[in-house]
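**Q** So that we are looking at the same thing, I have put the structure below in structure tokens.
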Amino acid sequence: DSNDITEVINYTKSNYAEPNPKYFGVAEGKNVIYLHLESLQNFIINYQLNGEEVTPFLNSLTKDPNTLYFDNFYHQTAQGKTSDAEFMLENSLFGLPQGSAFITKGQNTFQAAPAILKDKGYTSAVFHGNGGSFWNRNEIYKSFGYDRFFDAEYYDTSSKDDMAEYGLLDKPFFDQSMDLLKTLPQPFYTKFITVGNHYPYKIDQDLTTIGKGATGDASVDNYFQTARYADEAIEKFFTDLKESGLYENSIIVMYGDHYGISENHNKAMSEVMGKEIDAFESAKLQRVPFFIHMPGMEGGVNHTYGGQVDILPTLLHLLGVDSQKYVQFGTDVLSKEHNEVVAFRNGDFVSPTIYSIDEKLYNATTGLPLDEGQVELADHLKKEVDYKLQLSDKVVNGDLLRFYTPVEFTPVDPSQYNYNKETI
Ligand code: GP9
Ligand code: MN
């Protein structure tokens with residue numbers, strides 16, 4: 001009810017982190033291009049398999065002067081996997097502790113990125129080479145205010161060689177997406193959801209350019225090949241964006257959506273990482289790559305702790321849109337006031353000083369049990385994390401954004417949208 005939404009607004013106001021003046025508005029009016037990188041974990045970045053880089057293109061971006069690369073960035077997904085990542089990305093709300101908010105909360109009121117940016121003159125679109133109803137996307141995107149959803153219907157999926165288990169392989173996907181992208185009025189806000197690097201990472205050997213791993217655990221061993229394939233597909237897409245002229249007017253943001261190698265594979269991962277994967281190392285494996293790339297922007301490797309719930313306020317500030325009036329649970333990772341305590345959906349958290357995993361506390365630097373002197377601080381952080389998750393759940397379960405419309409925000413009318421190819 002209205003008391004609940006007042007509590008939420010009070011919280012999000014106090015949680016707000018002021019934009020960093022150095023970055024605020026540097027991408028004002030630019031096209032936004034999100035690349036949703038399926039199952040890409042951060043350990044693969046700059047990893048060498050038998051002396052060979054697995055993801056040479058992404059690695060080159062970690063050294064690129066126009067790219068911000070975050071190497072302490074965590075996925076915060078739960079059972080909703082891909083859909084949880086998208087949910088956080090579009091709303092800066094947490095996914096639910098069970099199930100997928102995409103599926104159960106598709107009719108909620110949202111103040112999501114596409115709607116926020118529509119008020120700034122943006123057209124929005126999602127590109128995905130799988131059927132539109134997967135994760136209930138074709139419904140919830142309407143509630144987010146997405147103008148267009150190019151699902152498998154819009155792609156040529158007739159060649160078996162082009163298909164992965166969950167839709168078009170990344171190379172034909174990006175290739176075919178270019179022509180669709182060129183039809184959009186600018187500025188646009190877009191998201192490209194890849195599927196090639198999806199469990200169990202099977203790929204036609206004719207398409208591979210690197211060998212498999214040698215752990216004997218098939219999904220771990222195959223992962224190197226599908227990650228390489230994704231890297232090549234992304235590089236090609238960058239090239240095509242440059243050729244089309246869109247590149248110069250765009251900001252490209254890339255994120256890994258969730259882990260690809262589960263804890264069941266810790267034995268093989270110990271071999272890959274050259275160290276035992278205990279609970280502490282397992283938490284660190286939840287890091288996913290996060291890149292922000294824009295011609296002319298000052299880049300660098302950034303060690304700030306952050307997570308997927310932080311992406312939206314970060315992007316809005318880059319675009320010169322203040323996030324203050326929106327109900328968002330993350331904070332701008334580029335802000336000096338950014339909150340570096342990264343909450344996981346089960347109440348665990350990581351931070352630059354303390355890890356709280358499965359009721360155990362660790363020194364973030366050494367991985368050893370936390371000093372007695374810091375336990376009180378850890379308890380305090382844990383309470384903050386629990387409160388934040390609980391408030392976010394209140395918003396989502398209670399559909400509380402019904403009761404709050406930010407000033408100068410145009411509410412979304414889902415019935416205005418239709419993604420059906422035939423009827424457009
Ligand atoms: C399917 C794709 C996969 O369309 O996005 O979702 P996931 O299985 O990774 O949650
Ligand atoms: Mn996924």
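FYI, nothing fancy with the structure tokens labels: chains A, B, ... in order, residues from 1 per chain, ligands from 1 as they appear.
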If you run DSSP on the backbone here, which positions in stretch 160-405 of chain A get strand (DSSP E)? Please write them as an MDAnalysis selection string.

**A** chainID A and resid 163:164 167:168 188:193 250:256 290:293 300:307 342:343 349:350 354:357 360:363

**Q** Please return as a ChimeraX atom specification the residues found within 7 Å of ligand 1, counting only C-alpha atoms and all ligand atoms.

**A** /A:38-39,80-83,130-131,134-135,166,193,195,198

**Q** Any chance you could export the current selection's N, CA, C and O atoms as a JSON list (two decimals), in the first residue's frame?

**A**
```
[["chain", "number", "residue", "atom", "x", "y", "z"],
["A", 38, "GLU", "N", 25.84, -14.47, -23.01],
["A", 38, "GLU", "CA", 25.34, -15.67, -22.35],
["A", 38, "GLU", "C", 26.45, -16.40, -21.58],
["A", 38, "GLU", "O", 27.51, -16.71, -22.15],
["A", 39, "SER", "N", 26.18, -16.64, -20.31],
["A", 39, "SER", "CA", 27.03, -17.50, -19.45],
["A", 39, "SER", "C", 28.51, -17.12, -19.42],
["A", 39, "SER", "O", 29.35, -17.97, -19.11],
["A", 80, "GLY", "N", 15.87, -17.44, -12.01],
["A", 80, "GLY", "CA", 15.44, -16.82, -13.26],
["A", 80, "GLY", "C", 16.55, -16.60, -14.27],
["A", 80, "GLY", "O", 16.29, -16.10, -15.37],
["A", 81, "LYS", "N", 17.78, -16.97, -13.90],
["A", 81, "LYS", "CA", 18.94, -16.94, -14.81],
["A", 81, "LYS", "C", 18.93, -15.72, -15.74],
["A", 81, "LYS", "O", 18.94, -14.59, -15.29],
["A", 82, "THR", "N", 18.94, -16.00, -17.07],
["A", 82, "THR", "CA", 18.96, -14.90, -18.05],
["A", 82, "THR", "C", 17.92, -13.83, -17.72],
["A", 82, "THR", "O", 18.20, -12.63, -17.79],
["A", 83, "SER", "N", 16.73, -14.27, -17.37],
["A", 83, "SER", "CA", 15.64, -13.30, -17.15],
["A", 83, "SER", "C", 15.90, -12.45, -15.91],
["A", 83, "SER", "O", 15.53, -11.27, -15.87],
["A", 130, "ASN", "N", 15.72, -16.39, -30.61],
["A", 130, "ASN", "CA", 14.93, -17.50, -30.07],
["A", 130, "ASN", "C", 13.46, -17.06, -30.07],
["A", 130, "ASN", "O", 13.15, -15.88, -30.24],
["A", 131, "GLY", "N", 12.56, -18.01, -29.85],
["A", 131, "GLY", "CA", 11.13, -17.69, -29.82],
["A", 131, "GLY", "C", 10.82, -16.65, -28.74],
["A", 131, "GLY", "O", 11.39, -16.68, -27.65],
["A", 134, "PHE", "N", 9.83, -17.30, -24.83],
["A", 134, "PHE", "CA", 10.79, -17.83, -23.84],
["A", 134, "PHE", "C", 10.99, -16.79, -22.75],
["A", 134, "PHE", "O", 11.19, -15.62, -23.00],
["A", 135, "TRP", "N", 10.91, -17.21, -21.49],
["A", 135, "TRP", "CA", 10.97, -16.32, -20.32],
["A", 135, "TRP", "C", 9.86, -15.26, -20.35],
["A", 135, "TRP", "O", 9.99, -14.23, -19.70],
["A", 166, "TYR", "N", 19.37, -22.88, -28.16],
["A", 166, "TYR", "CA", 18.37, -21.87, -27.79],
["A", 166, "TYR", "C", 18.21, -20.77, -28.84],
["A", 166, "TYR", "O", 17.93, -19.63, -28.52],
["A", 193, "ILE", "N", 20.63, -10.28, -27.30],
["A", 193, "ILE", "CA", 20.77, -11.42, -26.39],
["A", 193, "ILE", "C", 21.35, -12.61, -27.14],
["A", 193, "ILE", "O", 20.70, -13.19, -28.01],
["A", 195, "VAL", "N", 23.13, -16.50, -27.50],
["A", 195, "VAL", "CA", 22.83, -17.83, -26.93],
["A", 195, "VAL", "C", 23.91, -18.89, -27.22],
["A", 195, "VAL", "O", 23.83, -20.00, -26.71],
["A", 198, "HIS", "N", 25.94, -21.24, -24.38],
["A", 198, "HIS", "CA", 24.97, -21.73, -23.38],
["A", 198, "HIS", "C", 25.32, -23.18, -23.01],
["A", 198, "HIS", "O", 25.73, -23.96, -23.87]]
```

**Q** Extract, using only C-alpha atoms, all DNA, RNA and protein residues at most 6 Å from stretch 199-206 of chain A, discarding same-chain residues fewer than 4 positions from it, and format them as a ChimeraX atom specification.

**A** /A:219,222-223,226

**Q** Could those selected residues go to a file with all heavy atoms, as a PDB file, in the first residue's frame?

**A**
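File produced: result.pdb:
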```
ATOM      1  N   SER A 219      31.521 -30.206 -20.068  1.00  0.00           N
ATOM      2  CA  SER A 219      31.021 -28.837 -20.218  1.00  0.00           C
ATOM      3  C   SER A 219      32.111 -27.802 -19.945  1.00  0.00           C
ATOM      4  O   SER A 219      32.161 -26.767 -20.597  1.00  0.00           O
ATOM      5  CB  SER A 219      29.749 -28.579 -19.395  1.00  0.00           C
ATOM      6  OG  SER A 219      29.724 -29.309 -18.218  1.00  0.00           O
ATOM      7  N   ASN A 222      34.402 -27.863 -23.139  1.00  0.00           N
ATOM      8  CA  ASN A 222      33.774 -27.249 -24.313  1.00  0.00           C
ATOM      9  C   ASN A 222      33.649 -25.738 -24.190  1.00  0.00           C
ATOM     10  O   ASN A 222      33.619 -25.015 -25.188  1.00  0.00           O
ATOM     11  CB  ASN A 222      32.361 -27.810 -24.515  1.00  0.00           C
ATOM     12  CG  ASN A 222      32.360 -29.294 -24.847  1.00  0.00           C
ATOM     13  OD1 ASN A 222      33.402 -29.867 -25.152  1.00  0.00           O
ATOM     14  ND2 ASN A 222      31.185 -29.897 -24.777  1.00  0.00           N
ATOM     15  N   TYR A 223      33.537 -25.277 -22.963  1.00  0.00           N
ATOM     16  CA  TYR A 223      33.284 -23.852 -22.677  1.00  0.00           C
ATOM     17  C   TYR A 223      34.286 -22.942 -23.390  1.00  0.00           C
ATOM     18  O   TYR A 223      33.934 -21.872 -23.894  1.00  0.00           O
ATOM     19  CB  TYR A 223      33.342 -23.643 -21.167  1.00  0.00           C
ATOM     20  CG  TYR A 223      32.936 -22.281 -20.653  1.00  0.00           C
ATOM     21  CD1 TYR A 223      31.598 -21.935 -20.518  1.00  0.00           C
ATOM     22  CD2 TYR A 223      33.905 -21.346 -20.278  1.00  0.00           C
ATOM     23  CE1 TYR A 223      31.230 -20.692 -20.027  1.00  0.00           C
ATOM     24  CE2 TYR A 223      33.545 -20.103 -19.777  1.00  0.00           C
ATOM     25  CZ  TYR A 223      32.208 -19.778 -19.645  1.00  0.00           C
ATOM     26  OH  TYR A 223      31.848 -18.554 -19.151  1.00  0.00           O
ATOM     27  N   THR A 226      33.154 -22.400 -27.077  1.00  0.00           N
ATOM     28  CA  THR A 226      31.989 -21.535 -27.317  1.00  0.00           C
ATOM     29  C   THR A 226      32.275 -20.100 -26.881  1.00  0.00           C
ATOM     30  O   THR A 226      31.760 -19.156 -27.475  1.00  0.00           O
ATOM     31  CB  THR A 226      30.726 -22.088 -26.623  1.00  0.00           C
ATOM     32  OG1 THR A 226      31.034 -22.416 -25.260  1.00  0.00           O
ATOM     33  CG2 THR A 226      30.211 -23.327 -27.328  1.00  0.00           C
TER      34      THR A 226
END
```

**Q** Please provide the set of residues having any atom within 12 Å of A:Pro289, restricted to only C-alpha atoms, with same-chain residues fewer than 2 positions apart removed, written as a ChimeraX atom specification.

**A** /A:35-46,55,58-59,61-62,68-75,253-259,285-287,291-292,301-303,305-308

**Q** Would you pick out the contacts of A:Lys421 at 12 Å or less, using only C-alpha atoms, so that residues sharing its chain but fewer than 6 positions from it are not included, and give the list as a list in words?

**A** Gly132, Arg148, Phe149, Phe150, Asp151, Ala152, Glu153, Tyr154 and Tyr155 of chain A

**Q** Expressed in Å to a single decimal, how great is the separation between atom CA of A:Ile357 and atom CA of A:Val341?

**A**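 These atoms are spaced 12.9 Å apart.
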
**Q** Just to confirm, what's the straight-line distance from atom CA of A:Gly260 to atom CA of A:Val288 in Å (one decimal)?

**A**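 Taking atom CA of A:Gly260 as the start and atom CA of A:Val288 as the end point, the length is 9.9 Å.
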
**Q** Skip A:Ser250 itself and residues of its chain fewer than 5 positions away, then list as a ChimeraX atom specification all residues within 10 Å of it, counting only C-alpha atoms.

**A** /A:27-33,186-189,241,245,293-295

**Q** Store the residues picked out above in a file with N, CA, C and O atoms, as a tab-separated table (two decimals), in the first residue's frame.

**A**
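Ended up saving to selection.tsv:
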```tsv
chain	number	residue	atom	x	y	z
A	27	ALA	N	27.74	10.40	-22.61
A	27	ALA	CA	27.10	9.67	-23.71
A	27	ALA	C	25.72	10.25	-24.03
A	27	ALA	O	24.88	9.57	-24.61
A	28	GLU	N	25.53	11.50	-23.69
A	28	GLU	CA	24.20	12.11	-23.90
A	28	GLU	C	23.79	12.02	-25.38
A	28	GLU	O	24.56	12.38	-26.28
A	29	GLY	N	22.58	11.52	-25.61
A	29	GLY	CA	22.05	11.43	-26.98
A	29	GLY	C	22.60	10.29	-27.81
A	29	GLY	O	22.21	10.11	-28.96
A	30	LYS	N	23.51	9.50	-27.23
A	30	LYS	CA	24.09	8.38	-27.99
A	30	LYS	C	23.12	7.20	-28.06
A	30	LYS	O	22.28	7.01	-27.18
A	31	ASN	N	23.29	6.37	-29.09
A	31	ASN	CA	22.59	5.09	-29.13
A	31	ASN	C	23.17	4.19	-28.05
A	31	ASN	O	24.36	4.24	-27.79
A	32	VAL	N	22.31	3.38	-27.46
A	32	VAL	CA	22.77	2.40	-26.47
A	32	VAL	C	22.68	1.01	-27.10
A	32	VAL	O	21.65	0.62	-27.64
A	33	ILE	N	23.78	0.30	-27.03
A	33	ILE	CA	23.82	-1.08	-27.55
A	33	ILE	C	24.32	-1.99	-26.43
A	33	ILE	O	25.49	-1.98	-26.08
A	186	GLN	N	17.12	6.84	-34.72
A	186	GLN	CA	18.10	7.13	-33.67
A	186	GLN	C	17.65	8.33	-32.86
A	186	GLN	O	16.94	9.17	-33.39
A	187	PRO	N	18.03	8.46	-31.60
A	187	PRO	CA	18.83	7.51	-30.84
A	187	PRO	C	18.00	6.30	-30.45
A	187	PRO	O	16.81	6.41	-30.22
A	188	PHE	N	18.67	5.14	-30.37
A	188	PHE	CA	17.97	3.94	-29.94
A	188	PHE	C	18.62	3.34	-28.69
A	188	PHE	O	19.80	3.58	-28.41
A	189	TYR	N	17.79	2.59	-27.96
A	189	TYR	CA	18.22	1.82	-26.79
A	189	TYR	C	17.97	0.36	-27.14
A	189	TYR	O	16.82	-0.03	-27.34
A	241	LEU	N	29.42	-2.57	-37.03
A	241	LEU	CA	28.89	-1.29	-36.51
A	241	LEU	C	29.71	-0.13	-37.06
A	241	LEU	O	29.17	0.91	-37.43
A	245	GLY	N	28.49	3.01	-39.76
A	245	GLY	CA	28.48	4.40	-39.28
A	245	GLY	C	27.82	4.57	-37.93
A	245	GLY	O	27.88	5.65	-37.34
A	293	HIS	N	31.97	0.70	-23.47
A	293	HIS	CA	32.86	1.14	-24.55
A	293	HIS	C	32.22	2.28	-25.34
A	293	HIS	O	31.07	2.18	-25.77
A	294	MET	N	32.96	3.35	-25.49
A	294	MET	CA	32.46	4.45	-26.33
A	294	MET	C	33.64	5.22	-26.90
A	294	MET	O	34.55	5.60	-26.15
A	295	PRO	N	33.62	5.45	-28.23
A	295	PRO	CA	34.70	6.24	-28.80
A	295	PRO	C	34.79	7.58	-28.08
A	295	PRO	O	33.77	8.24	-27.88
```

**Q** By how many Å are atom CA of A:Pro114 and atom CA of A:Thr190 apart?

**A**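 Value for the atom CA of A:Pro114-atom CA of A:Thr190 distance: 8.8 Å.
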
**Q** Could you list, as a PyMOL selection string, every residue within 7 Å of stretch 344-354 of chain A, counting only C-alpha atoms and ignoring same-chain residues fewer than 4 positions away?

**A** chain A and resi 76-78+97+305+340+358+361-365+378+385-386

**Q** Once DSSP has gone over the backbone, tell me which residues of stretch 154-401 of chain A are in alpha helix (DSSP H), as an MDAnalysis selection string.

**A** chainID A and resid 170:182 218:244 266:273 279:284 311:318 375:397

**Q** Which residue, A:Ala112, A:Leu389, A:Leu377, A:Ala85, has the smallest gap to ligand 2 when you use only C-alpha atoms and all ligand atoms?

**A**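 Ranking A:Ala112, A:Leu389, A:Leu377, A:Ala85 by distance to ligand 2, first place goes to A:Ala85.
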
**Q** Which is closer to ligand 2 than all the others in A:Gly121, A:Gly211, A:Gly196, A:Gly299, using only C-alpha atoms and all ligand atoms?

**A**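 Looking only at the distances to ligand 2, the closest residue turns out to be A:Gly196.
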